[in-house]
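**Q** Dumping the structure here so I can ask a few things about it.
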Amino acid sequence: MSTLDFKQTIAFVNLANTLDYQYAAKKSGITVDELVRIIKALEEELNVKLIRPEGGVVELTEIGAKLLPLITEIAQKHAKLLSVVTDYRKKEVEEAIKVTVVPGFANYQAAPVVKKLAQQHKMNIVEDVDPMAQLQQGESELAFISYAGKLPDDFEVLSVGTDDLVAYIPARNPLSEQKELTLTDLKTEKFLTLNHQNPFAVFVQQVCAAAGFDPYSVFEGEKGRTLVNMVALGDGDNLVDGTINK
C-alpha cells in the first residue's frame, strides 16, 4: 500500500496546476532538481507515469489528471494537519512559563534539574546576558542568575547551589595546564571582561580587589559567549562564573 508524504503531494499539486517546473519548485520551497526527484519517486511509488514532457511543454498524463483531485485533497489534509500542529506548538510556547538563564547555563550543576522541570511543567528556557533585566521588564516569570546584587523587595531569591569561579585561559598560556587556579595566579594576566556596569563584572572586581589586585581589562564585552570565543582565539583571559569544563 502506498503512503504519500506531504512533500510529494504538494510538489505534484503545484506542478500539475502550473505545468512549470521552475514556478512549482519555488512554490514548494525546493529546487527544480529536488522537484524532479520527488515527482519521479512518486511515480515509482504509484507505478504510473503522472507527468509527460511534450516538446519542452509539461503535460499531465491521463492517469495524472485523474489522480490530481485525489492528491489535491490529500495535500489539503496534510496542510491542515501541519497547521493544527503548528498552532498547538505556538500555543504551548505562549502558555509556557518563561525562564531566562545566564549564557552557558548548560554547564551549571542545576541545569539538568531545571531542564527536567521544564519538560514536566511547560517551561520555556531562553539564554540572556542579563536575566535580571528580563525579569524586571516582565519578559520572563523566572530567572536563573549566577550573581545578584541588591534586589527589589518584591523579588524572591532561591539558592539552588554554588559554583566555582572559572577562568577561561588560552591553550598557549601555561596556566591552562592547571586544574585549579587561585585569583592571585591571575594577578599579572590580561583580562577580557564583561561591561563594568554588569552586576557580575562588579562582583569580579570586588573579589579580585579582595585578593589584592585590580584585573587589567584589555576589552569589555556585553556577552560572555563572545568573550569566551575571543579567548579561544588567544586574545586574553576571561574570568566568568559557573563550572565549565575545559
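Labeling convention for the C-alpha cells: chains A, B, ... as they appear, residues from 1 per chain, ligands from 1 in order of appearance.
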For range 19-36 of chain A, please output as a ChimeraX atom specification all residues within 7 Å (counting only C-alpha atoms; exclusion window: fewer than 4 positions along the same chain).

**A** /A:10-11,14-15,40,58-59

**Q** Which is closer to Glu222 in chain A than all the others in A:Pro103, A:Gly64, A:Pro112, A:Gly138, using only C-alpha atoms?

**A**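 Answer, going by the shortest atom-to-atom distance: A:Pro103.
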
**Q** What parts of range 2-241 of chain A does DSSP call alpha helix (DSSP H)? I'd like the answer as a VMD selection string.

**A** chain A and resid 6 to 18 21 to 28 32 to 46 62 to 95 111 to 121 131 to 136 199 to 210 224 to 232

**Q** Suppose we keep C-alpha atoms; can you now write the selection as a compact mmCIF listing (two decimals), in the first residue's frame?

**A**
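The result, written out as selection25.txt:
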# COMPACT_ATOMS: atom_id res chain seq x y z
CA PHE A 6 3.47 15.96 2.31
CA LYS A 7 6.43 16.88 0.10
CA GLN A 8 5.23 14.53 -2.64
CA THR A 9 1.63 15.68 -2.60
CA ILE A 10 2.34 19.42 -2.51
CA ALA A 11 5.04 19.10 -5.18
CA PHE A 12 2.77 17.20 -7.55
CA VAL A 13 -0.19 19.54 -6.99
CA ASN A 14 1.96 22.62 -7.59
CA LEU A 15 3.46 21.14 -10.77
CA ALA A 16 0.10 19.89 -12.04
CA ASN A 17 -1.51 23.30 -11.50
CA THR A 18 1.34 25.35 -13.01
CA TYR A 21 8.98 23.17 -13.02
CA GLN A 22 10.62 26.49 -12.07
CA TYR A 23 7.44 28.04 -10.67
CA ALA A 24 6.28 24.81 -8.98
CA ALA A 25 9.67 24.35 -7.30
CA LYS A 26 9.56 27.92 -5.99
CA LYS A 27 6.02 27.43 -4.64
CA SER A 28 7.08 24.17 -2.99
CA VAL A 32 14.00 22.14 -9.54
CA ASP A 33 16.28 19.11 -9.16
CA GLU A 34 14.54 18.19 -5.90
CA LEU A 35 11.16 18.59 -7.58
CA VAL A 36 12.18 16.29 -10.43
CA ARG A 37 13.40 13.67 -7.92
CA ILE A 38 10.21 13.91 -5.84
CA ILE A 39 7.91 13.51 -8.86
CA LYS A 40 9.98 10.58 -10.11
CA ALA A 41 9.84 8.92 -6.66
CA LEU A 42 6.07 9.48 -6.55
CA GLU A 43 5.64 7.90 -9.99
CA GLU A 44 7.74 4.91 -8.92
CA GLU A 45 5.75 4.55 -5.73
CA LEU A 46 2.43 4.60 -7.58
CA GLU A 62 -4.38 10.65 -18.38
CA ILE A 63 -3.92 8.93 -15.04
CA GLY A 64 -2.13 12.03 -13.69
CA ALA A 65 -5.19 14.14 -14.50
CA LYS A 66 -7.49 11.58 -12.84
CA LEU A 67 -5.37 11.45 -9.69
CA LEU A 68 -4.95 15.22 -9.36
CA PRO A 69 -8.24 15.84 -7.45
CA LEU A 70 -7.49 12.98 -5.05
CA ILE A 71 -3.89 14.02 -4.43
CA THR A 72 -5.03 17.64 -4.04
CA GLU A 73 -7.41 16.53 -1.30
CA ILE A 74 -4.59 14.63 0.42
CA ALA A 75 -2.32 17.69 0.16
CA GLN A 76 -5.01 19.89 1.71
CA LYS A 77 -5.44 17.44 4.60
CA HIS A 78 -1.67 17.35 5.09
CA ALA A 79 -1.58 21.15 5.15
CA LYS A 80 -4.44 21.30 7.65
CA LEU A 81 -2.69 18.73 9.86
CA LEU A 82 0.55 20.74 9.85
CA SER A 83 -1.38 23.94 10.58
CA VAL A 84 -3.09 22.38 13.60
CA VAL A 85 0.23 21.06 14.94
CA THR A 86 1.96 24.42 14.36
CA ASP A 87 -0.81 26.32 16.14
CA TYR A 88 -0.68 23.87 19.05
CA ARG A 89 3.08 24.25 19.43
CA LYS A 90 2.78 28.02 19.24
CA LYS A 91 0.10 27.98 21.92
CA GLU A 92 2.29 25.76 24.12
CA VAL A 93 5.18 28.23 23.85
CA GLU A 94 2.92 31.19 24.63
CA GLU A 95 1.42 29.46 27.66
CA ALA A 111 20.83 22.72 34.70
CA PRO A 112 19.65 19.08 34.43
CA VAL A 113 17.14 19.60 37.24
CA VAL A 114 15.78 22.81 35.72
CA LYS A 115 15.52 21.20 32.28
CA LYS A 116 13.63 18.24 33.73
CA LEU A 117 11.21 20.63 35.43
CA ALA A 118 10.81 22.47 32.12
CA GLN A 119 9.71 19.27 30.41
CA GLN A 120 7.25 18.42 33.16
CA HIS A 121 5.73 21.87 33.63
CA PRO A 131 18.36 37.58 33.09
CA MET A 132 17.56 40.06 35.87
CA ALA A 133 16.62 42.73 33.31
CA GLN A 134 14.28 40.26 31.59
CA LEU A 135 12.66 39.51 34.94
CA GLN A 136 12.28 43.17 35.88
CA PRO A 199 26.45 43.06 38.09
CA PHE A 200 28.76 40.09 37.67
CA ALA A 201 31.58 42.31 36.36
CA VAL A 202 31.24 44.37 39.56
CA PHE A 203 31.40 41.16 41.59
CA VAL A 204 34.59 40.05 39.79
CA GLN A 205 36.15 43.45 40.52
CA GLN A 206 35.27 43.03 44.19
CA VAL A 207 36.69 39.51 44.61
CA CYS A 208 39.87 40.43 42.73
CA ALA A 209 40.28 43.52 44.93
CA ALA A 210 39.87 41.31 47.99
CA GLY A 224 30.06 36.16 27.91
CA ARG A 225 29.89 33.82 24.93
CA THR A 226 31.63 36.40 22.73
CA LEU A 227 34.41 36.79 25.28
CA VAL A 228 34.88 33.03 25.52
CA ASN A 229 35.20 32.79 21.74
CA MET A 230 37.81 35.56 21.79
CA VAL A 231 39.77 33.72 24.48
CA ALA A 232 39.67 30.58 22.32

**Q** Contacts of Asn124 in chain A at 7 Å or less, counting only C-alpha atoms, minus same-chain residues fewer than 2 places along, as a PyMOL selection string?

**A** chain A and resi 93+96-99+118+122+126

**Q** For the residues in that selection, give me C-alpha atoms as a CSV table (one decimal), in the first residue's frame.

**A**
chain,number,residue,atom,x,y,z
A,93,VAL,CA,5.2,28.2,23.9
A,96,ALA,CA,4.7,28.1,29.0
A,97,ILE,CA,6.4,29.7,32.0
A,98,LYS,CA,9.3,31.8,30.6
A,99,VAL,CA,12.6,31.2,32.4
A,118,ALA,CA,10.8,22.5,32.1
A,122,LYS,CA,5.8,23.6,30.2
A,126,VAL,CA,16.0,31.1,26.9

**Q** List every residue of range 10-245 of chain A that DSSP, applied to the backbone of this structure, assigns to strand (DSSP E or B), and report them as a ChimeraX atom specification.

**A** /A:51-54,57-60,97-101,123-127,142-144,165-168,190-194,216-221,237-241

**Q** Considering only C-alpha atoms, can you say which of A:Ala171, A:Gln197, A:Leu183, A:Glu189 comes closest to Leu233 in chain A?

**A**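 Answer, going by the shortest atom-to-atom distance: A:Ala171.
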
**Q** Just how far from CA of His196 in chain A is CA of Tyr216 in chain A, in Å to one decimal?

**A**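 Taking CA of Tyr216 in chain A as the start and CA of His196 in chain A as the end point, the length is 12.2 Å.
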